[in-house]
>>> print(open('entry28.tsv').read())   # TSV, C-alpha atoms
chain	number	residue	atom	x	y	z
Q	1	MET	CA	15.45	2.61	-20.69
Q	2	THR	CA	17.14	5.72	-22.14
Q	3	ARG	CA	16.09	7.82	-19.17
Q	4	ARG	CA	17.36	5.19	-16.70
Q	5	LEU	CA	20.76	5.04	-18.44
Q	6	SER	CA	20.96	8.84	-18.39
Q	7	VAL	CA	20.29	8.87	-14.66
Q	8	LEU	CA	22.99	6.27	-14.10
Q	9	VAL	CA	25.54	8.32	-16.02
Q	10	ILE	CA	24.63	11.58	-14.30
Q	11	VAL	CA	24.67	10.22	-10.77
Q	12	GLY	CA	27.90	8.35	-11.50
Q	13	VAL	CA	29.52	11.63	-12.45
Q	14	LEU	CA	28.11	13.27	-9.33
Q	15	ALA	CA	29.44	10.55	-7.05
Q	16	THR	CA	32.90	10.96	-8.56
Q	17	ALA	CA	32.81	14.75	-8.64
Q	18	ALA	CA	31.63	14.94	-5.06
Q	19	THR	CA	34.90	13.50	-3.78
Q	20	GLY	CA	36.75	16.43	-5.31
Q	21	ALA	CA	34.12	19.10	-4.94
Q	22	LEU	CA	34.90	22.59	-6.16
Q	23	LEU	CA	33.82	24.24	-2.96
Q	24	ILE	CA	33.28	22.92	0.56
Q	25	VAL	CA	30.67	25.09	2.20
Q	26	ARG	CA	30.39	25.26	5.95
Q	27	GLU	CA	29.15	28.78	6.64
Q	28	ARG	CA	25.37	29.15	6.66
Q	29	GLU	CA	25.50	32.83	5.70
Q	30	SER	CA	26.76	31.95	2.21
Q	31	ALA	CA	23.38	30.36	1.34
Q	32	THR	CA	20.44	32.21	-0.17
Q	33	ALA	CA	17.96	29.36	-0.78
Q	34	GLU	CA	15.20	28.89	1.76
Q	35	PRO	CA	15.11	25.33	3.12
Q	36	PRO	CA	11.71	23.63	3.13
Q	37	ALA	CA	9.74	23.68	6.34
Q	38	ALA	CA	8.99	20.39	8.03
Q	39	THR	CA	5.38	19.30	7.65
Q	40	ALA	CA	3.63	17.90	10.71
Q	41	THR	CA	1.32	15.07	9.70
Q	42	GLY	CA	-1.11	12.66	11.25
Q	43	LEU	CA	-1.43	10.25	8.35
Q	44	ALA	CA	-1.91	6.50	8.21
Q	45	LEU	CA	-1.62	4.03	5.35
Q	46	VAL	CA	-4.73	1.83	5.29
Q	47	THR	CA	-4.46	-1.20	3.02
Q	48	VAL	CA	-7.68	-2.87	1.90
Q	49	ALA	CA	-6.83	-6.48	1.12
Q	50	THR	CA	-8.92	-8.18	-1.55
Q	51	GLN	CA	-8.38	-11.73	-2.74
Q	52	ASP	CA	-6.16	-10.59	-5.59
Q	53	ALA	CA	-4.87	-7.13	-4.70
Q	54	LEU	CA	-3.83	-4.69	-1.99
Q	55	LEU	CA	-5.60	-1.33	-2.38
Q	56	PRO	CA	-3.88	1.50	-0.46
Q	57	ALA	CA	-5.46	4.66	0.88
Q	58	VAL	CA	-3.84	7.35	3.00
Q	59	VAL	CA	-6.17	8.72	5.69
Q	60	GLY	CA	-5.89	11.42	8.33
Q	61	THR	CA	-4.69	15.00	8.30
Q	62	THR	CA	-1.57	16.98	7.43
Q	63	GLY	CA	-2.45	19.65	9.95
Q	64	SER	CA	-4.15	21.87	7.39
Q	65	GLY	CA	-7.63	21.58	8.91
Q	66	LYS	CA	-9.09	18.81	6.75
Q	67	THR	CA	-9.37	15.09	7.47
Q	68	GLY	CA	-9.69	13.01	4.34
Q	69	ALA	CA	-8.59	9.99	2.37
Q	70	LEU	CA	-6.39	9.74	-0.71
Q	71	VAL	CA	-6.71	6.48	-2.64
Q	72	ILE	CA	-3.47	5.47	-4.39
Q	73	PRO	CA	-3.73	3.48	-7.67
Q	74	PRO	CA	-1.48	0.38	-7.40
Q	75	SER	CA	-0.30	0.89	-10.99
Q	76	THR	CA	1.39	4.19	-10.08
Q	77	THR	CA	5.19	4.30	-10.41
Q	78	VAL	CA	7.09	5.06	-7.22
Q	79	VAL	CA	10.71	5.30	-6.14
Q	80	ILE	CA	11.12	2.87	-3.25
Q	81	PRO	CA	13.96	4.29	-1.12
Q	82	GLY	CA	16.83	1.83	-1.06
Q	83	GLN	CA	15.43	-0.19	-3.96
Q	84	GLY	CA	14.78	2.12	-6.90
Q	85	GLU	CA	11.85	2.68	-9.24
Q	86	SER	CA	8.94	0.28	-9.01
Q	87	THR	CA	5.14	0.38	-8.70
Q	88	VAL	CA	2.85	0.96	-5.77
Q	89	ALA	CA	1.56	-2.60	-6.19
Q	90	GLU	CA	5.08	-3.95	-5.66
Q	91	ALA	CA	5.71	-1.55	-2.78
Q	92	MET	CA	2.59	-2.88	-1.06
Q	93	GLN	CA	4.18	-6.34	-0.98
Q	94	LEU	CA	6.84	-5.03	1.43
Q	95	GLU	CA	6.43	-5.12	5.19
Q	96	PRO	CA	4.04	-2.37	6.35
Q	97	ARG	CA	6.64	0.19	7.50
Q	98	ALA	CA	8.62	-0.07	4.25
Q	99	ALA	CA	5.41	0.17	2.22
Q	100	ALA	CA	4.37	3.28	4.14
Q	101	THR	CA	7.80	4.83	3.56
Q	102	ALA	CA	7.46	4.20	-0.18
Q	103	ILE	CA	4.01	5.86	-0.28
Q	104	SER	CA	5.37	8.69	1.89
Q	105	ASN	CA	8.07	9.18	-0.71
Q	106	LEU	CA	5.53	9.25	-3.53
Q	107	LEU	CA	3.51	11.96	-1.78
Q	108	GLY	CA	6.35	13.85	-0.10
Q	109	VAL	CA	4.62	13.74	3.30
Q	110	TRP	CA	5.35	11.39	6.18
Q	111	ILE	CA	2.94	8.58	6.97
Q	112	SER	CA	3.39	7.52	10.57
Q	113	ASP	CA	0.99	4.60	11.04
Q	114	THR	CA	-0.27	1.59	9.12
Q	115	ALA	CA	-3.21	-0.80	9.11
Q	116	THR	CA	-4.71	-3.56	7.00
Q	117	VAL	CA	-8.45	-4.06	6.60
Q	118	GLU	CA	-9.88	-7.10	4.84
Q	119	ALA	CA	-12.18	-6.22	1.94
Q	120	ALA	CA	-14.79	-8.53	3.47
Q	121	LYS	CA	-14.75	-6.42	6.65
Q	122	VAL	CA	-15.22	-3.22	4.63
Q	123	ALA	CA	-18.18	-4.87	2.88
Q	124	GLU	CA	-19.62	-5.98	6.22
Q	125	ILE	CA	-19.35	-2.45	7.64
Q	126	ALA	CA	-20.91	-0.98	4.49
Q	127	ASP	CA	-23.79	-3.43	4.78
Q	128	ALA	CA	-24.33	-2.57	8.44
Q	129	GLU	CA	-24.31	1.16	7.65
Q	130	ALA	CA	-26.84	0.58	4.83
Q	131	ILE	CA	-24.86	2.87	2.54
Q	132	GLU	CA	-26.15	3.87	-0.87
Q	133	ILE	CA	-24.11	3.91	-4.06
Q	134	GLY	CA	-25.60	5.58	-7.09
Q	135	GLY	CA	-28.90	5.97	-5.26
Q	136	ASP	CA	-29.23	2.26	-4.56
Q	137	ALA	CA	-28.58	0.31	-1.37
Q	138	ALA	CA	-25.22	-1.48	-1.49
Q	139	ASP	CA	-25.16	-4.76	0.40
Q	140	ALA	CA	-22.05	-6.72	1.37
Q	141	ASN	CA	-22.00	-8.76	-1.83
Q	142	THR	CA	-22.22	-5.66	-3.99
Q	143	VAL	CA	-19.36	-3.94	-2.16
Q	144	SER	CA	-17.20	-7.07	-2.22
Q	145	SER	CA	-17.71	-7.41	-5.98
Q	146	MET	CA	-16.83	-3.76	-6.54
Q	147	LEU	CA	-13.61	-3.94	-4.53
Q	148	ALA	CA	-12.59	-7.16	-6.29
Q	149	GLU	CA	-12.48	-5.44	-9.67
Q	150	PRO	CA	-8.93	-5.06	-11.07
Q	151	ASP	CA	-7.35	-1.61	-11.20
Q	152	PRO	CA	-8.78	0.89	-12.12
Q	153	GLY	CA	-12.17	-0.55	-11.15
Q	154	GLY	CA	-11.13	-1.55	-7.63
Q	155	VAL	CA	-9.51	1.84	-7.05
Q	156	ALA	CA	-12.66	3.68	-8.13
Q	157	ALA	CA	-14.72	1.36	-5.93
Q	158	LEU	CA	-12.55	2.04	-2.88
Q	159	GLN	CA	-12.99	5.80	-3.29
Q	160	ILE	CA	-16.77	5.41	-3.69
Q	161	VAL	CA	-17.11	3.10	-0.68
Q	162	LEU	CA	-14.88	5.20	1.62
Q	163	LYS	CA	-16.79	8.32	0.61
Q	164	ALA	CA	-20.14	6.64	1.31
Q	165	LEU	CA	-18.95	5.35	4.68
Q	166	ALA	CA	-17.67	8.81	5.64
Q	167	GLU	CA	-20.93	10.45	4.61
Q	168	ALA	CA	-22.80	7.89	6.72
Q	169	GLY	CA	-20.75	8.94	9.76
Q	170	THR	CA	-19.24	5.48	10.20
Q	171	SER	CA	-17.45	4.94	13.49
Q	172	TRP	CA	-14.60	2.48	13.05
Q	173	ASP	CA	-13.28	0.18	15.77
Q	174	ALA	CA	-9.89	-1.41	16.38
Q	175	SER	CA	-11.50	-4.82	15.87
Q	176	ASP	CA	-12.15	-3.82	12.23
Q	177	LEU	CA	-8.41	-3.89	11.54
Q	178	ALA	CA	-6.71	-7.14	10.60
Q	179	GLU	CA	-3.36	-5.73	11.72
Q	180	SER	CA	-2.05	-2.30	12.57
Q	181	HIS	CA	0.62	-0.07	14.02
Q	182	ASN	CA	-0.96	2.46	16.36
Q	183	GLY	CA	-4.43	1.18	15.55
Q	184	GLY	CA	-6.10	3.71	17.84
Q	185	HIS	CA	-4.89	6.56	15.66
Q	186	VAL	CA	-5.92	4.70	12.49
Q	187	VAL	CA	-9.51	4.12	13.60
Q	188	ASP	CA	-9.76	7.71	14.82
Q	189	ALA	CA	-8.56	8.92	11.43
Q	190	LEU	CA	-10.97	6.63	9.55
Q	191	SER	CA	-13.88	7.74	11.74
Q	192	ALA	CA	-13.06	11.44	11.20
Q	193	VAL	CA	-12.79	11.33	7.39
Q	194	GLU	CA	-15.14	13.80	5.70
Q	195	GLY	CA	-16.88	12.47	2.59
Q	196	SER	CA	-16.09	15.54	0.50
Q	197	ASN	CA	-12.38	14.95	1.14
Q	198	VAL	CA	-12.19	11.40	-0.27
Q	199	VAL	CA	-10.31	11.51	-3.58
Q	200	THR	CA	-8.08	9.40	-5.80
Q	201	LEU	CA	-4.54	10.35	-6.80
Q	202	GLN	CA	-4.59	11.19	-10.50
Q	203	THR	CA	-2.00	9.69	-12.84
Q	204	ASP	CA	-1.00	9.90	-16.50
Q	205	GLU	CA	-0.16	6.90	-18.68
Q	206	VAL	CA	3.33	7.89	-19.85
Q	207	ALA	CA	3.97	4.59	-21.66
Q	208	ALA	CA	2.00	1.42	-22.25
Q	209	GLY	CA	0.93	0.26	-18.79
Q	210	VAL	CA	3.17	2.81	-17.03
Q	211	PHE	CA	1.32	5.36	-14.89
Q	212	HIS	CA	3.00	8.39	-13.34
Q	213	ALA	CA	1.74	10.93	-10.79
Q	214	SER	CA	3.35	14.30	-11.50
Q	215	PRO	CA	4.26	16.67	-8.65
Q	216	GLU	CA	1.23	18.72	-9.72
Q	217	HIS	CA	-1.04	15.67	-9.44
Q	218	VAL	CA	0.37	14.89	-6.00
Q	219	THR	CA	-0.14	18.44	-4.76
Q	220	GLU	CA	-3.70	18.52	-6.11
Q	221	GLY	CA	-4.48	15.24	-4.36
Q	222	LEU	CA	-2.99	16.37	-1.04
Q	223	VAL	CA	-4.88	19.67	-1.14
Q	224	ALA	CA	-8.18	18.00	-2.08
Q	225	ALA	CA	-7.90	15.32	0.62
Q	226	PHE	CA	-6.10	17.09	3.46
Q	227	GLY	CA	-5.89	20.78	2.60
Q	228	GLY	CA	-2.17	20.59	1.78
Q	229	PRO	CA	0.73	20.90	1.70
Q	230	ALA	CA	0.28	23.06	-1.38
Q	231	GLU	CA	3.96	23.00	-2.38
Q	232	PRO	CA	5.70	19.89	-3.75
Q	233	ALA	CA	8.43	18.27	-1.67
Q	234	THR	CA	12.00	18.97	-2.79
Q	235	PRO	CA	13.51	16.08	-4.81
Q	236	VAL	CA	16.80	14.55	-3.68
Q	237	ILE	CA	19.07	11.94	-5.28
Q	238	VAL	CA	20.29	9.37	-2.74
Q	239	LEU	CA	23.33	7.22	-3.59
Q	240	ASN	CA	24.45	4.38	-1.34
Q	241	GLY	CA	28.15	5.04	-0.85
Q	242	ASN	CA	28.75	2.68	2.08
Q	243	GLY	CA	27.28	-0.58	0.77
Q	244	ILE	CA	24.92	-1.13	3.70
Q	245	PRO	CA	21.68	-2.72	2.44
Q	246	GLY	CA	18.57	-0.66	3.11
Q	247	ILE	CA	20.45	2.54	3.88
Q	248	GLY	CA	18.35	4.45	1.35
Q	249	GLU	CA	15.19	3.71	3.32
Q	250	GLN	CA	16.82	4.98	6.51
Q	251	VAL	CA	17.84	8.19	4.75
Q	252	ALA	CA	14.30	8.64	3.43
Q	253	GLU	CA	12.90	8.25	6.94
Q	254	ARG	CA	15.00	11.25	7.98
Q	255	LEU	CA	14.38	13.42	4.91
Q	256	ILE	CA	10.69	12.98	4.04
Q	257	PRO	CA	9.35	14.51	7.29
Q	258	GLY	CA	11.58	17.52	6.54
Q	259	GLY	CA	9.95	18.35	3.21
Q	260	PHE	CA	12.03	16.21	0.83
Q	261	ARG	CA	11.37	13.16	-1.33
Q	262	VAL	CA	13.81	10.70	-2.91
Q	263	ALA	CA	13.72	11.15	-6.70
Q	264	VAL	CA	16.49	8.61	-7.45
Q	265	SER	CA	17.68	5.83	-5.13
Q	266	GLN	CA	20.59	3.63	-6.21
Q	267	ASN	CA	24.18	2.69	-5.50
Q	268	ALA	CA	27.08	5.09	-5.85
Q	269	SER	CA	29.91	4.14	-8.18
Q	270	GLU	CA	31.92	2.94	-5.15
Q	271	PHE	CA	31.15	1.82	-1.58
Q	272	ASP	CA	34.22	3.35	0.06
Q	273	HIS	CA	32.90	6.78	1.08
Q	274	PRO	CA	33.89	7.34	4.72
Q	275	GLU	CA	31.96	10.62	4.97
Q	276	THR	CA	28.48	11.51	3.72
Q	277	LEU	CA	28.60	14.11	0.95
Q	278	ILE	CA	25.71	16.47	0.25
Q	279	VAL	CA	26.18	18.02	-3.16
Q	280	VAL	CA	24.34	20.91	-4.82
Q	281	GLY	CA	24.92	22.41	-8.23
Q	282	SER	CA	24.57	26.04	-7.20
Q	283	PRO	CA	25.52	28.20	-4.20
Q	284	ASP	CA	21.87	29.26	-4.17
Q	285	ASP	CA	20.94	25.75	-3.03
Q	286	VAL	CA	23.35	25.52	-0.12
Q	287	GLY	CA	20.47	26.23	2.28
Q	288	LEU	CA	18.74	23.08	1.04
Q	289	ALA	CA	21.93	21.07	1.49
Q	290	GLU	CA	22.41	22.33	5.03
Q	291	ARG	CA	18.81	21.41	5.82
Q	292	VAL	CA	19.54	17.87	4.56
Q	293	ARG	CA	22.70	17.74	6.66
Q	294	ASP	CA	20.74	18.81	9.74
Q	295	LEU	CA	18.15	16.11	9.15
Q	296	LEU	CA	20.78	13.39	8.59
Q	297	GLY	CA	23.00	14.56	11.42
Q	298	VAL	CA	26.17	14.03	9.37
Q	299	GLY	CA	27.78	15.14	6.14
Q	300	SER	CA	29.82	17.78	4.35
Q	301	VAL	CA	28.08	20.26	2.06
Q	302	SER	CA	29.66	20.81	-1.35
Q	303	VAL	CA	28.93	22.84	-4.47
Q	304	SER	CA	29.85	20.87	-7.57
Q	305	VAL	CA	28.21	19.45	-10.70
Q	306	GLY	CA	24.42	19.78	-10.88
Q	307	SER	CA	22.43	16.69	-11.85
Q	308	GLY	CA	19.61	18.40	-13.69
Q	309	ILE	CA	17.29	15.93	-11.91
Q	310	ALA	CA	17.25	17.20	-8.32
Q	311	PRO	CA	18.85	20.18	-6.59
Q	312	VAL	CA	20.51	17.98	-3.94
Q	313	THR	CA	22.49	14.74	-4.20
Q	314	VAL	CA	23.40	12.73	-1.10
Q	315	VAL	CA	26.24	10.21	-1.28
Q	316	VAL	CA	25.73	8.26	1.94
Q	317	GLY	CA	29.00	7.49	3.70
Q	318	GLU	CA	30.10	5.23	6.54
Q	319	ASP	CA	29.42	8.01	9.07
Q	320	PHE	CA	25.67	7.61	8.62
Q	321	SER	CA	24.32	4.87	10.85
Q	322	GLY	CA	20.58	5.36	10.31
>>> encode(input="entry28.tsv", output="structure tokens")
Amino acid sequence: MTRRLSVLVIVGVLATAATGALLIVRERESATAEPPAATATGLALVTVATQDALLPAVVGTTGSGKTGALVIPPSTTVVIPGQGESTVAEAMQLEPRAAATAISNLLGVWISDTATVEAAKVAEIADAEAIEIGGDAADANTVSSMLAEPDPGGVAALQIVLKALAEAGTSWDASDLAESHNGGHVVDALSAVEGSNVVTLQTDEVAAGVFHASPEHVTEGLVAAFGGPAEPATPVIVLNGNGIPGIGEQVAERLIPGGFRVAVSQNASEFDHPETLIVVGSPDDVGLAERVRDLLGVGSVSVSVGSGIAPVTVVVGEDFSG
């Protein structure tokens, strides 16, 4: 609670200070910071639906030469753009595109496609492939029981089963998917996964029942599954300054493919900002701010009070229409 209150105070000051920024920067040559490069990805969020839980895994490639799968523990904390801090389990209750945006924000890489696979279908495929787990044949009942275990058991089971299916050279079909967006890409990605690249995102229990994936954990997971990116995405604070519901998600959809992630997502102190403000705490970070402005298509870049949380703060104004 103390940290949340501190964030509220800091971003409130930023939102106020931004309206009277110390320096309005419009010339690119005044910047020295290198903006992050956009990361081309071919990732899909595959949700395995059990009777009691939704188990997410990101599959595909980030263009680094490896095709893998990264299983995401539902207990992991995540900032849902436009909604604030929550858990992956709660994010998975959103409609598929919003859920994929939340997981994209957790990882700092864009996930373009989505699909849901029933756990029973995964078990059926595993049975047909005659996969082995721990040296023993795993039939449909065994796989179903494994996936039905609560987190962390179900998460570990999903990694084991996906790895075994990949090592068996399983060829997936669109009919295996209960629902999807761009299902052809999803089944291609699932069929191309290499067993050695199936991993689980590591987390730390930072408080009782609260699990956090550090930027280092995220980078390690991305490198192990997909070969990269090897550098964490740049954190950004996003404040809704125009009062339009869901605007934070629309901002995230612009920024995440460009190498950013939303570290804080909440309302500004007021909803009367006509122009989007992009605030950095140092002239050295103006390059980052200009990159954000280019991705959003609107905004004035200012050097003002630093947040200590992220190098860039965006106060979304009425000029941003998504």
>>> residues_around(input="entry28.tsv", residues="His185 (chain Q)", least_positions_apart="4", cutoff="9 Å", atoms="all atoms listed in the file", output="CSV table (one decimal) with C-alpha atoms, keeping the file's coordinate frame")
chain,number,residue,atom,x,y,z
Q,42,GLY,CA,-1.1,12.7,11.2
Q,43,LEU,CA,-1.4,10.2,8.4
Q,44,ALA,CA,-1.9,6.5,8.2
Q,60,GLY,CA,-5.9,11.4,8.3
Q,113,ASP,CA,1.0,4.6,11.0
Q,181,HIS,CA,0.6,-0.1,14.0
Q,189,ALA,CA,-8.6,8.9,11.4
Q,190,LEU,CA,-11.0,6.6,9.6
>>> closest_residue(input="entry28.tsv", among="Q:Ser269, Q:Ser321, Q:Gln93, Q:Thr77", to="Gly297 (chain Q)", atoms="only C-alpha atoms")
Q:Ser321
>>> atom_distance(input="entry28.tsv", atom1="CA of Gly183 (chain Q)", atom2="CA of Gly84 (chain Q)")
29.6 Å
>>> closest_residue(input="entry28.tsv", among="Q:Glu167, Q:Asp319, Q:Asp139, Q:Asp176", to="Val48 (chain Q)", atoms="all atoms listed in the file")
Q:Asp176
>>> residues_around(input="entry28.tsv", residues="Gln266 (chain Q)", least_positions_apart="3", cutoff="10 Å", atoms="only C-alpha atoms", output="compact mmCIF listing (two decimals) with C-alpha atoms, keeping the file's coordinate frame")
# COMPACT_ATOMS: atom_id res chain seq x y z
CA VAL Q 7 20.29 8.87 -14.66
CA LEU Q 8 22.99 6.27 -14.10
CA VAL Q 11 24.67 10.22 -10.77
CA ILE Q 80 11.12 2.87 -3.25
CA PRO Q 81 13.96 4.29 -1.12
CA GLY Q 82 16.83 1.83 -1.06
CA GLN Q 83 15.43 -0.19 -3.96
CA GLY Q 84 14.78 2.12 -6.90
CA GLU Q 85 11.85 2.68 -9.24
CA ILE Q 237 19.07 11.94 -5.28
CA VAL Q 238 20.29 9.37 -2.74
CA LEU Q 239 23.33 7.22 -3.59
CA ASN Q 240 24.45 4.38 -1.34
CA GLY Q 241 28.15 5.04 -0.85
CA GLY Q 248 18.35 4.45 1.35
CA SER Q 269 29.91 4.14 -8.18
CA VAL Q 315 26.24 10.21 -1.28
>>> atom_distance(input="entry28.tsv", atom1="CA of Gly299 (chain Q)", atom2="CA of Leu255 (chain Q)")
13.6 Å
>>> closest_atom_pairs(input="entry28.tsv", of="region 53-129 of chain Q", to="region 141-145 of chain Q", cutoff="7 Å", atoms="all atoms listed in the file", output="JSON lines")
{"residue": "Q:Ala119", "atom": "CA", "partner": "Q:Ser144", "partner_atom": "CA", "distance": 6.6}
{"residue": "Q:Ala120", "atom": "CA", "partner": "Q:Ser144", "partner_atom": "CA", "distance": 6.3}
{"residue": "Q:Ala123", "atom": "CA", "partner": "Q:Val143", "partner_atom": "CA", "distance": 5.3}
>>> closest_residue(input="entry28.tsv", among="Q:Val58, Q:Val161, Q:Val236, Q:Met92", to="Glu124 (chain Q)", atoms="all atoms listed in the file")
Q:Val161
>>> atom_distance(input="entry28.tsv", atom1="CA of Val88 (chain Q)", atom2="CA of Ala115 (chain Q)")
16.2 Å
>>> closest_residue(input="entry28.tsv", among="Q:Pro235, Q:Ala310, Q:Ala140, Q:Val316", to="Asn267 (chain Q)", atoms="all atoms listed in the file")
Q:Val316
>>> closest_residue(input="entry28.tsv", among="Q:Gly153, Q:Gly68, Q:Pro311, Q:Gly306", to="Gly287 (chain Q)", atoms="all atoms listed in the file")
Q:Pro311
>>> build_atoms(input="entry28.tsv", residues="region 228-252 of chain Q", atoms="N, CA and C atoms", output="short mmCIF file (atom, residue, chain, number, x, y, z; two decimals), in the frame of the given file")
data_model
loop_
_atom_site.label_atom_id
_atom_site.label_comp_id
_atom_site.auth_asym_id
_atom_site.auth_seq_id
_atom_site.Cartn_x
_atom_site.Cartn_y
_atom_site.Cartn_z
N GLY Q 228 -3.57 20.27 2.05
CA GLY Q 228 -2.17 20.59 1.78
C GLY Q 228 -1.26 19.48 2.24
N PRO Q 229 0.05 19.68 2.10
CA PRO Q 229 0.73 20.90 1.70
C PRO Q 229 0.52 21.26 0.23
N ALA Q 230 0.56 22.56 -0.05
CA ALA Q 230 0.28 23.06 -1.38
C ALA Q 230 1.53 23.20 -2.23
N GLU Q 231 2.70 22.93 -1.65
CA GLU Q 231 3.96 23.00 -2.38
C GLU Q 231 4.57 21.61 -2.45
N PRO Q 232 5.09 21.22 -3.63
CA PRO Q 232 5.70 19.89 -3.75
C PRO Q 232 6.94 19.76 -2.86
N ALA Q 233 7.20 18.54 -2.41
CA ALA Q 233 8.43 18.27 -1.67
C ALA Q 233 9.63 18.44 -2.59
N THR Q 234 10.77 18.76 -2.02
CA THR Q 234 12.00 18.97 -2.79
C THR Q 234 12.64 17.63 -3.14
N PRO Q 235 12.89 17.37 -4.43
CA PRO Q 235 13.51 16.08 -4.81
C PRO Q 235 14.98 16.01 -4.44
N VAL Q 236 15.41 14.81 -4.05
CA VAL Q 236 16.80 14.55 -3.68
C VAL Q 236 17.24 13.24 -4.32
N ILE Q 237 18.46 13.20 -4.82
CA ILE Q 237 19.07 11.94 -5.28
C ILE Q 237 19.82 11.34 -4.10
N VAL Q 238 19.60 10.05 -3.83
CA VAL Q 238 20.29 9.37 -2.74
C VAL Q 238 21.10 8.21 -3.31
N LEU Q 239 22.42 8.25 -3.11
CA LEU Q 239 23.33 7.22 -3.59
C LEU Q 239 23.96 6.50 -2.40
N ASN Q 240 23.87 5.19 -2.41
CA ASN Q 240 24.45 4.38 -1.34
C ASN Q 240 25.95 4.29 -1.56
N GLY Q 241 26.70 5.02 -0.72
CA GLY Q 241 28.15 5.04 -0.85
C GLY Q 241 28.86 4.24 0.23
N ASN Q 242 28.10 3.49 1.04
CA ASN Q 242 28.75 2.68 2.08
C ASN Q 242 28.44 1.19 1.96
N GLY Q 243 27.55 0.83 1.03
CA GLY Q 243 27.28 -0.58 0.77
C GLY Q 243 26.36 -1.26 1.75
N ILE Q 244 25.81 -0.52 2.72
CA ILE Q 244 24.92 -1.13 3.70
C ILE Q 244 23.54 -1.30 3.09
N PRO Q 245 23.02 -2.52 3.02
CA PRO Q 245 21.68 -2.72 2.44
C PRO Q 245 20.62 -1.95 3.22
N GLY Q 246 19.68 -1.36 2.48
CA GLY Q 246 18.57 -0.66 3.11
C GLY Q 246 18.88 0.72 3.62
N ILE Q 247 20.08 1.23 3.35
CA ILE Q 247 20.45 2.54 3.88
C ILE Q 247 19.60 3.64 3.26
N GLY Q 248 19.17 3.44 2.00
CA GLY Q 248 18.35 4.45 1.35
C GLY Q 248 17.03 4.66 2.05
N GLU Q 249 16.45 3.59 2.58
CA GLU Q 249 15.19 3.71 3.32
C GLU Q 249 15.41 4.50 4.60
N GLN Q 250 16.53 4.26 5.27
CA GLN Q 250 16.82 4.98 6.51
C GLN Q 250 17.03 6.46 6.24
N VAL Q 251 17.68 6.78 5.12
CA VAL Q 251 17.84 8.19 4.75
C VAL Q 251 16.48 8.83 4.48
N ALA Q 252 15.62 8.12 3.75
CA ALA Q 252 14.30 8.64 3.43
C ALA Q 252 13.50 8.92 4.70
#
